[in-house]
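Trainee: Input structure: model-v9.txt, which contains compact mmCIF, C-alpha atoms.
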# COMPACT_ATOMS: atom_id res chain seq x y z
CA MET A 1 -144.96 111.25 66.74
CA ASP A 2 -144.17 114.30 68.89
CA TYR A 3 -144.89 114.35 72.61
CA ASP A 4 -146.39 117.66 73.70
CA PHE A 5 -146.65 119.01 77.20
CA ARG A 6 -148.46 122.31 77.66
CA VAL A 7 -148.58 124.47 80.75
CA SER A 8 -150.72 127.60 81.07
CA GLU A 9 -148.66 130.71 80.13
CA GLN A 10 -145.65 128.47 79.39
CA PRO A 11 -144.33 126.94 76.16
CA SER A 12 -144.74 123.25 75.39
CA LEU A 13 -141.53 121.32 74.86
CA THR A 14 -141.72 118.94 71.90
CA VAL A 15 -139.23 116.09 71.37
CA SER A 16 -139.03 113.94 68.25
CA PRO A 17 -138.69 110.99 68.37
CA SER A 18 -140.79 110.92 71.55
CA SER A 19 -138.63 108.87 73.90
CA SER A 20 -136.59 109.42 77.04
CA GLN A 21 -133.90 107.07 75.62
CA LEU A 22 -132.21 107.44 72.23
CA PHE A 23 -129.66 105.46 70.25
CA GLU A 24 -126.32 107.10 69.54
CA GLY A 25 -126.24 108.74 66.10
CA GLU A 26 -130.02 109.39 65.87
CA SER A 27 -131.37 112.71 64.62
CA VAL A 28 -133.35 114.61 67.26
CA SER A 29 -135.50 117.74 67.09
CA LEU A 30 -136.54 119.81 70.13
CA SER A 31 -138.90 122.78 69.98
CA CYS A 32 -140.40 125.38 72.32
CA GLU A 33 -143.91 125.98 71.03
CA GLU A 34 -145.13 129.27 72.45
CA ASP A 35 -148.23 131.44 72.20
CA ASP A 36 -146.35 134.71 72.69
CA SER A 37 -143.26 134.89 70.48
CA SER A 38 -142.24 138.17 72.11
CA ALA A 39 -141.22 136.24 75.24
CA GLY A 40 -138.12 135.02 73.38
CA TRP A 41 -138.16 131.36 74.48
CA THR A 42 -134.93 129.45 73.86
CA LEU A 43 -133.71 125.93 74.56
CA ARG A 44 -131.15 125.24 77.27
CA ARG A 45 -129.63 122.12 78.77
CA ASN A 46 -127.45 120.74 81.56
CA THR A 47 -125.09 117.83 80.88
CA THR A 48 -122.11 116.28 82.59
CA ARG A 49 -119.79 118.73 80.82
CA GLU A 50 -121.81 121.96 80.53
CA THR A 51 -124.50 124.00 82.35
CA ARG A 52 -127.29 126.21 80.98
CA THR A 53 -125.88 126.20 77.49
CA GLN A 54 -128.02 127.36 74.59
CA CYS A 55 -128.79 125.46 71.39
CA ASP A 56 -126.05 127.32 69.42
CA ASN A 57 -123.41 125.47 71.45
CA TRP A 58 -124.68 121.91 70.74
CA GLY A 59 -127.15 122.04 67.84
CA ARG A 60 -128.59 124.01 64.95
CA SER A 61 -130.95 126.77 66.09
CA ALA A 62 -134.05 127.68 64.10
CA GLY A 63 -136.02 130.27 66.05
CA SER A 64 -137.35 128.53 69.17
CA SER A 65 -136.33 125.07 67.86
CA CYS A 66 -133.09 123.16 67.98
CA ASN A 67 -131.99 120.23 65.80
CA ILE A 68 -129.29 117.67 66.57
CA SER A 69 -128.27 115.75 63.47
CA SER A 70 -126.32 113.00 65.28
CA ILE A 71 -126.83 112.77 68.99
CA ASP A 72 -124.03 111.54 71.25
CA PRO A 73 -123.98 109.90 74.73
CA LEU A 74 -122.40 113.15 75.94
CA ASP A 75 -125.69 114.86 74.98
CA SER A 76 -127.46 112.98 77.78
CA GLY A 77 -128.86 115.45 80.27
CA VAL A 78 -131.72 117.78 81.25
CA TYR A 79 -133.42 120.02 78.65
CA TRP A 80 -135.88 122.91 79.10
CA CYS A 81 -137.22 126.14 77.56
CA GLU A 82 -136.41 129.52 79.10
CA SER A 83 -137.59 133.08 78.38
CA ARG A 84 -135.58 136.29 78.45
CA GLU A 85 -137.16 137.12 81.82
CA GLY A 86 -135.96 133.80 83.29
CA ALA A 87 -139.29 131.86 83.28
CA THR A 88 -138.82 128.15 82.55
CA SER A 89 -140.86 125.25 81.25
CA THR A 90 -140.99 121.73 82.65
CA THR A 91 -137.66 119.93 82.31
CA ILE A 92 -137.15 116.59 80.56
CA ASN A 93 -134.39 113.97 80.85
CA ILE A 94 -132.84 112.43 77.74
CA THR A 95 -130.49 109.44 77.88
CA VAL A 96 -128.33 108.57 74.88
CA THR A 97 -126.80 105.08 74.74
CA GLY A 98 -124.34 103.31 72.49
CA GLY A 99 -125.80 99.94 73.50
CA PRO A 100 -128.04 97.66 71.41
CA VAL A 101 -131.27 98.08 73.46
CA ILE A 102 -133.30 101.08 74.63
CA LEU A 103 -136.56 101.49 76.55
CA GLN A 104 -138.95 103.86 74.84
CA SER A 105 -140.86 105.64 77.63
CA PRO A 106 -142.60 109.04 78.06
CA VAL A 107 -140.25 111.99 78.45
CA LEU A 108 -142.77 113.89 80.63
CA PRO A 109 -144.91 112.88 83.65
CA VAL A 110 -147.89 110.63 82.93
CA MET A 111 -151.33 111.74 84.10
CA GLU A 112 -153.02 109.58 86.72
CA GLY A 113 -155.67 107.32 85.20
CA HIS A 114 -154.05 107.25 81.76
CA ASP A 115 -152.48 104.24 80.07
CA VAL A 116 -148.78 104.14 79.21
CA THR A 117 -147.00 101.71 76.88
CA LEU A 118 -143.29 100.87 77.16
CA HIS A 119 -141.37 99.52 74.16
CA CYS A 120 -138.15 97.53 74.38
CA LYS A 121 -136.32 98.19 71.09
CA THR A 122 -133.16 97.00 69.45
CA LYS A 123 -130.97 99.24 67.28
CA THR A 124 -131.36 96.95 64.29
CA PRO A 125 -134.73 95.55 63.24
CA PRO A 126 -136.76 93.62 64.03
CA SER A 127 -137.68 95.03 67.46
CA ASN A 128 -140.44 92.67 68.51
CA PHE A 129 -138.35 90.18 70.49
CA PRO A 130 -139.63 88.84 73.82
CA ALA A 131 -138.53 91.24 76.56
CA GLY A 132 -138.55 91.36 80.32
CA PHE A 133 -139.60 94.60 82.00
CA TYR A 134 -138.25 95.72 85.37
CA LYS A 135 -139.31 98.35 87.91
CA ASP A 136 -136.83 99.41 90.61
CA GLY A 137 -134.72 96.36 89.82
CA SER A 138 -137.54 93.80 90.14
CA LEU A 139 -139.02 91.89 87.20
CA ILE A 140 -142.61 92.89 86.46
CA ARG A 141 -143.29 90.41 83.66
CA THR A 142 -142.04 89.18 80.31
CA GLU A 143 -143.89 90.19 77.17
CA PRO A 144 -143.55 88.11 73.97
CA THR A 145 -143.89 91.09 71.60
CA GLY A 146 -141.45 93.43 73.31
CA HIS A 147 -143.93 96.01 74.64
CA MET A 148 -145.86 96.35 77.91
CA THR A 149 -148.90 98.53 78.71
CA ILE A 150 -149.66 99.81 82.20
CA HIS A 151 -153.37 100.59 82.48
CA HIS A 152 -154.74 103.43 84.62
CA VAL A 153 -151.43 104.46 86.13
CA ASN A 154 -151.26 105.88 89.65
CA LYS A 155 -148.58 107.07 92.05
CA SER A 156 -147.58 103.50 92.90
CA ASP A 157 -146.46 103.02 89.26
CA GLU A 158 -143.88 105.76 89.59
CA GLY A 159 -140.31 104.47 89.55
CA LEU A 160 -137.18 103.48 87.62
CA TYR A 161 -137.87 101.23 84.61
CA LYS A 162 -135.67 99.21 82.25
CA CYS A 163 -136.01 96.25 79.89
CA ASP A 164 -133.94 93.26 78.79
CA ILE A 165 -133.95 91.22 75.58
CA SER A 166 -132.37 87.81 75.96
CA GLY A 167 -129.31 87.46 73.75
CA ARG A 168 -129.37 91.16 72.79
CA GLY A 169 -128.77 93.14 75.95
CA GLU A 170 -130.27 95.43 78.55
CA SER A 171 -131.47 99.03 78.24
CA PRO A 172 -130.47 101.94 80.51
CA SER A 173 -132.88 102.86 83.29
CA SER A 174 -135.31 105.77 83.00
CA TRP A 175 -137.50 107.39 85.65
CA ILE A 176 -141.23 107.51 84.93
CA SER A 177 -143.15 110.15 86.87
CA VAL A 178 -146.90 110.18 87.55
CA THR A 179 -148.75 113.42 88.14
CA GLY A 180 -152.21 113.98 89.58
CA LYS A 181 -155.15 115.12 87.51
CA PRO A 182 -155.52 118.92 87.31
CA THR A 183 -158.26 120.32 89.49
CA THR A 184 -160.26 123.49 88.98
CA THR A 185 -161.78 125.55 91.76
CA ARG A 186 -165.52 125.94 91.40
CA PRO A 187 -168.17 127.66 93.56
CA PRO A 188 -169.69 125.30 96.13
CA THR A 189 -172.97 123.77 94.95
CA SER A 190 -174.00 121.69 97.95
CA THR A 191 -173.67 124.33 100.67
CA CYS A 192 -174.80 127.91 100.91
CA LEU A 193 -172.08 129.09 103.28
CA SER A 194 -168.53 130.00 102.33
CA SER A 195 -165.64 128.10 103.91
CA SER A 196 -163.24 131.07 103.84
CA PRO A 197 -161.50 131.78 107.16
CA ALA A 198 -162.53 135.43 107.31
CA PRO A 199 -166.25 136.12 106.66
CA PRO A 200 -166.91 138.91 104.16
CA PRO A 201 -169.15 141.90 104.96
CA PRO A 202 -172.93 141.23 105.00
CA SER A 203 -173.43 143.04 101.71
CA VAL A 204 -170.81 140.88 100.00
CA MET A 205 -172.18 137.68 101.57
CA LEU A 206 -175.67 138.52 100.29
CA TRP A 207 -174.49 138.78 96.71
CA SER A 208 -172.18 135.77 97.03
CA VAL A 209 -175.00 133.33 97.95
CA PRO A 210 -175.38 130.93 95.01
CA LEU A 211 -178.59 131.25 93.02
CA SER A 212 -179.21 127.51 93.50
CA CYS A 213 -179.52 128.02 97.28
CA VAL A 214 -182.09 130.83 96.82
CA LEU A 215 -184.12 128.67 94.45
CA LEU A 216 -183.95 125.77 96.92
CA VAL A 217 -185.34 127.94 99.75
CA LEU A 218 -188.16 129.24 97.53
CA LEU A 219 -189.03 125.70 96.47
CA VAL A 220 -189.25 124.55 100.11
CA LEU A 221 -191.52 127.48 100.98
CA LEU A 222 -193.77 126.72 97.99
CA VAL A 223 -194.10 123.08 99.02
CA LEU A 224 -194.98 124.06 102.61
CA LEU A 225 -197.62 126.51 101.35
CA LEU A 226 -199.13 123.84 99.10
CA ILE A 227 -199.29 121.35 101.98
CA TRP A 228 -200.96 123.96 104.22
CA CYS A 229 -203.63 124.73 101.59
CA VAL A 230 -204.41 121.05 100.98
CA TRP A 231 -204.61 120.36 104.71
CA GLY A 232 -206.96 123.33 105.25
CA LYS A 233 -209.32 122.19 102.49
CA HIS A 234 -209.31 118.65 103.82
CA THR A 235 -210.18 119.82 107.36
CA ALA A 236 -213.03 122.05 106.11
CA ALA A 237 -214.45 119.17 104.08
CA GLU A 238 -214.39 116.87 107.11
CA GLU A 239 -216.21 119.46 109.26
CA GLU A 240 -218.88 119.91 106.57
CA VAL A 241 -219.42 116.16 106.35
CA VAL A 242 -219.78 115.85 110.14
CA GLU A 243 -222.28 118.75 110.24
CA ASN A 244 -224.38 117.22 107.45
CA ASP A 245 -224.41 113.87 109.23
CA ILE A 246 -225.68 115.49 112.44
CA THR A 247 -228.46 117.50 110.79
CA GLU A 248 -229.69 114.52 108.79
CA ASP A 249 -230.13 112.50 111.98
CA ILE A 250 -232.21 115.17 113.83
CA THR A 251 -235.93 114.34 114.31
CA TYR A 252 -238.43 116.82 115.66
CA SER A 253 -241.66 115.65 117.32
CA ASP A 254 -244.81 117.28 118.66
CA ILE A 255 -245.72 115.61 121.90
CA ARG A 256 -248.84 116.42 123.90
CA ILE A 257 -249.13 115.05 127.37
CA SER A 258 -252.53 115.09 129.09
CA HIS A 259 -252.97 114.16 132.69
CA HIS A 260 -256.14 112.29 133.51
CA GLN A 261 -257.72 111.96 136.86
CA ARG A 262 -255.78 109.36 138.68
CA GLN A 263 -257.85 106.36 139.60
CA PRO A 264 -257.12 104.01 142.37
CA ILE A 265 -254.78 101.32 141.29
CA ARG A 266 -256.25 97.94 141.47
CA ARG A 267 -254.57 94.66 140.96
CA GLY A 268 -255.09 93.18 137.55
CA ARG A 269 -255.88 96.44 135.70
CA GLU A 270 -253.87 97.23 132.56
CA SER A 271 -254.10 101.04 132.85
CA ASP A 272 -251.07 102.91 134.12
CA PRO A 273 -251.63 106.08 136.18
CA ALA A 274 -248.27 107.40 134.93
CA ALA A 275 -249.09 106.93 131.25
CA VAL A 276 -248.06 109.71 128.92
CA TYR A 277 -249.90 110.19 125.69
CA SER A 278 -248.31 111.89 122.73
CA ALA A 279 -249.42 112.88 119.33
CA VAL A 280 -246.89 112.97 116.50
CA ARG A 281 -247.51 115.06 113.46
CA GLY A 282 -244.89 114.97 110.73
CA THR A 283 -244.12 116.35 107.34
CA ASP A 284 -242.05 114.76 104.68
CA ASP A 285 -238.67 115.46 106.18
CA VAL A 286 -239.25 117.17 109.56
CA ILE A 287 -241.32 116.13 112.60
CA TYR A 288 -242.17 118.77 115.15
CA GLY A 289 -243.21 118.08 118.74
CA GLN A 290 -244.98 120.13 121.37
CA ILE A 291 -245.35 119.16 125.00
CA ALA A 292 -248.15 120.66 127.10
CA ILE A 293 -248.36 119.77 130.78
CA LYS A 294 -251.51 120.72 132.77
CA PRO A 295 -251.50 120.55 136.51
CA GLN A 296 -254.18 118.25 137.95
CA ARG A 297 -255.49 117.70 141.37
CA THR A 298 -254.26 114.67 143.06
CA ARG A 299 -256.06 112.63 145.55
CA GLU A 300 -254.49 110.43 148.07
CA PHE A 301 -255.66 106.90 148.29
CA PRO A 302 -255.32 104.56 151.12
CA ALA A 303 -252.17 102.61 150.94
CA GLU A 304 -252.40 99.00 150.05
CA PRO A 305 -249.90 96.38 150.97
CA GLU A 306 -246.85 96.10 148.65
CA VAL A 307 -248.07 98.94 146.43
CA VAL A 308 -246.02 102.02 145.62
CA TYR A 309 -247.73 105.16 144.42
CA SER A 310 -246.26 108.12 142.65
CA SER A 311 -247.69 111.40 141.59
CA LEU A 312 -246.57 113.61 138.74
CA ARG A 313 -246.80 117.30 139.24
Starting from the file, give its structure as structure tokens.
Mentor:
Amino acid sequence: MDYDFRVSEQPSLTVSPSSSQLFEGESVSLSCEEDDSSAGWTLRRNTTRETRTQCDNWGRSAGSSCNISSIDPLDSGVYWCESREGATSTTINITVTGGPVILQSPVLPVMEGHDVTLHCKTKTPPSNFPAGFYKDGSLIRTEPTGHMTIHHVNKSDEGLYKCDISGRGESPSSWISVTGKPTTTRPPTSTCLSSSPAPPPPSVMLWSVPLSCVLLVLLVLLVLLLIWCVWGKHTAAEEEVVENDITEDITYSDIRISHHQRQPIRRGRESDPAAVYSAVRGTDDVIYGQIAIKPQRTREFPAEPEVVYSSLR
């Protein structure tokens, strides 16, 4: 299965079989898959014996592809695609060995969070022998089926890997790179102010305010208006209730007070010279009262012991 790596406005370099290590004598196909054929992408490589050589010098060219019928350890090196203008794709490293064991690993960087599986293979089948896997010279673990999966790779998994099959041999070492997830720049959604170092003109800032911020402000104003209306109705209702309670408790009375000729106060009498007489006339719901006070002559009486007199004018 081919391993594709695509970069915006760049070709994707495809290698088959998809492995950073190959056995001597294998057939290999490399291809620059491009969106714009007018760019004239071609394959180039650097090895221990040559630099920037094109496919015609070491393989069979077929447009933007190059085929190697029998690869050699001298073909180990760095491969990439290059346009006529000098633009280049991502480079890959290929190691060719004449030994009995290889480590099949990705030829291009692995994305953070992805899983990667390493296979320890022998040149002659079967290839499912127990194998030990190493990173930077230290044993990671031994797998009984000859392959190991690293789950959710991160930067700490980056390093130099190799494998070993007891009684068969050890593979060359290959570097496995880990790259971060691509990020896209999006307009801020949680803040209404731009974080650019130089503020734009007021007219530009007005049009650059996200619509979500405007809607948020309008929503807040609507909520405040609703609270104000409910509070006003509640206050008016309370005032009306208080007013009704007061009016229902009011009682009107018609009181007439007549002053009678004051008589001398004698001990033992039940009459009170300061008595006030009232007449109450009422209707069903309202009682009215009228007070009429008529001045009367007062006579002074001789004082008696322990008696206090008062006169009402």
Trainee: Which residue gives the smallest distance to Trp41 in chain A among A:Leu13, A:Ala131, A:Ile165, A:Cys213, with only C-alpha atoms counted?
Mentor: A:Leu13
Trainee: To one decimal place in Å, what is the distance between CA of Gly167 in chain A and CA of Ser127 in chain A?
Mentor: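 Spanning CA of Gly167 in chain A to CA of Ser127 in chain A is a straight-line distance of 12.9 Å.
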Trainee: Skipping near chain neighbours, those fewer than 6 positions away, what residues fall within 10 Å of Leu139 in chain A using all atoms listed in the file, listed as a list in words?
Mentor: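 The contact residues come out as Gly132, Phe133, Tyr161, Lys162, Cys163 and Asp164 of chain A.
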Trainee: What is the distance, in Å and to one decimal place, between CA of Trp80 in chain A and CA of Thr42 in chain A?
Mentor: 8.4 Å
Trainee: Using only C-alpha atoms, pick whichever of A:Arg84, A:Lys181, A:Arg168, A:Arg52 has the shortest atom-to-atom distance to Pro126 in chain A.
Mentor: A:Arg168
Trainee: Would you please work out which residue, of A:Val217, A:Ile140, A:Leu103, A:Val28, is nearest to Leu118 in chain A when using all atoms listed in the file?
Mentor: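 For Leu118 in chain A, the nearest of the candidates is A:Leu103.
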Trainee: Could you name the residues that touch Met148 in chain A at 8 Å or less, counting all atoms listed in the file, but leaving out those on the same chain fewer than 2 positions away, as number ranges by chain?
Mentor: A: 117-119, 133, 143, 146, 150
Trainee: Quick one: distance from CA of Cys32 in chain A to CA of Thr95 in chain A in Å, one decimal?
Mentor: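 These two atoms are separated by 19.6 Å.
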Trainee: Name the residues in contact with Lys155 in chain A at a cut-off of 10 Å, using all atoms listed in the file, excluding same-chain residues fewer than 6 positions from it; report them as a short mmCIF file (atom, residue, chain, number, x, y, z; two decimals) with C-alpha atoms, in the coordinates of the input.
Mentor:
data_model
loop_
_atom_site.label_atom_id
_atom_site.label_comp_id
_atom_site.auth_asym_id
_atom_site.auth_seq_id
_atom_site.Cartn_x
_atom_site.Cartn_y
_atom_site.Cartn_z
CA VAL A 110 -147.89 110.63 82.93
CA MET A 111 -151.33 111.74 84.10
CA GLU A 112 -153.02 109.58 86.72
CA GLY A 113 -155.67 107.32 85.20
CA SER A 177 -143.15 110.15 86.87
CA VAL A 178 -146.90 110.18 87.55
CA THR A 179 -148.75 113.42 88.14
CA GLY A 180 -152.21 113.98 89.58
#
Trainee: Any idea what's packed within 10 Å of Leu43 in chain A, counting all atoms listed in the file, ignoring anything in its chain fewer than 5 positions away? Could you give it as a VMD selection string?
Mentor: chain A and resid 13 30 to 32 52 to 56 61 63 to 66 79 to 83 88 to 89
Trainee: Convert the current residue selection to file output with C-alpha atoms, as a PDB file, in the coordinates of the input.
Mentor:
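Just written: result.pdb:
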ATOM      1  CA  LEU A  13    -141.530 121.320  74.860  1.00  0.00           C
ATOM      2  CA  LEU A  30    -136.540 119.810  70.130  1.00  0.00           C
ATOM      3  CA  SER A  31    -138.900 122.780  69.980  1.00  0.00           C
ATOM      4  CA  CYS A  32    -140.400 125.380  72.320  1.00  0.00           C
ATOM      5  CA  ARG A  52    -127.290 126.210  80.980  1.00  0.00           C
ATOM      6  CA  THR A  53    -125.880 126.200  77.490  1.00  0.00           C
ATOM      7  CA  GLN A  54    -128.020 127.360  74.590  1.00  0.00           C
ATOM      8  CA  CYS A  55    -128.790 125.460  71.390  1.00  0.00           C
ATOM      9  CA  ASP A  56    -126.050 127.320  69.420  1.00  0.00           C
ATOM     10  CA  SER A  61    -130.950 126.770  66.090  1.00  0.00           C
ATOM     11  CA  GLY A  63    -136.020 130.270  66.050  1.00  0.00           C
ATOM     12  CA  SER A  64    -137.350 128.530  69.170  1.00  0.00           C
ATOM     13  CA  SER A  65    -136.330 125.070  67.860  1.00  0.00           C
ATOM     14  CA  CYS A  66    -133.090 123.160  67.980  1.00  0.00           C
ATOM     15  CA  TYR A  79    -133.420 120.020  78.650  1.00  0.00           C
ATOM     16  CA  TRP A  80    -135.880 122.910  79.100  1.00  0.00           C
ATOM     17  CA  CYS A  81    -137.220 126.140  77.560  1.00  0.00           C
ATOM     18  CA  GLU A  82    -136.410 129.520  79.100  1.00  0.00           C
ATOM     19  CA  SER A  83    -137.590 133.080  78.380  1.00  0.00           C
ATOM     20  CA  THR A  88    -138.820 128.150  82.550  1.00  0.00           C
ATOM     21  CA  SER A  89    -140.860 125.250  81.250  1.00  0.00           C
TER      22      SER A  89
END
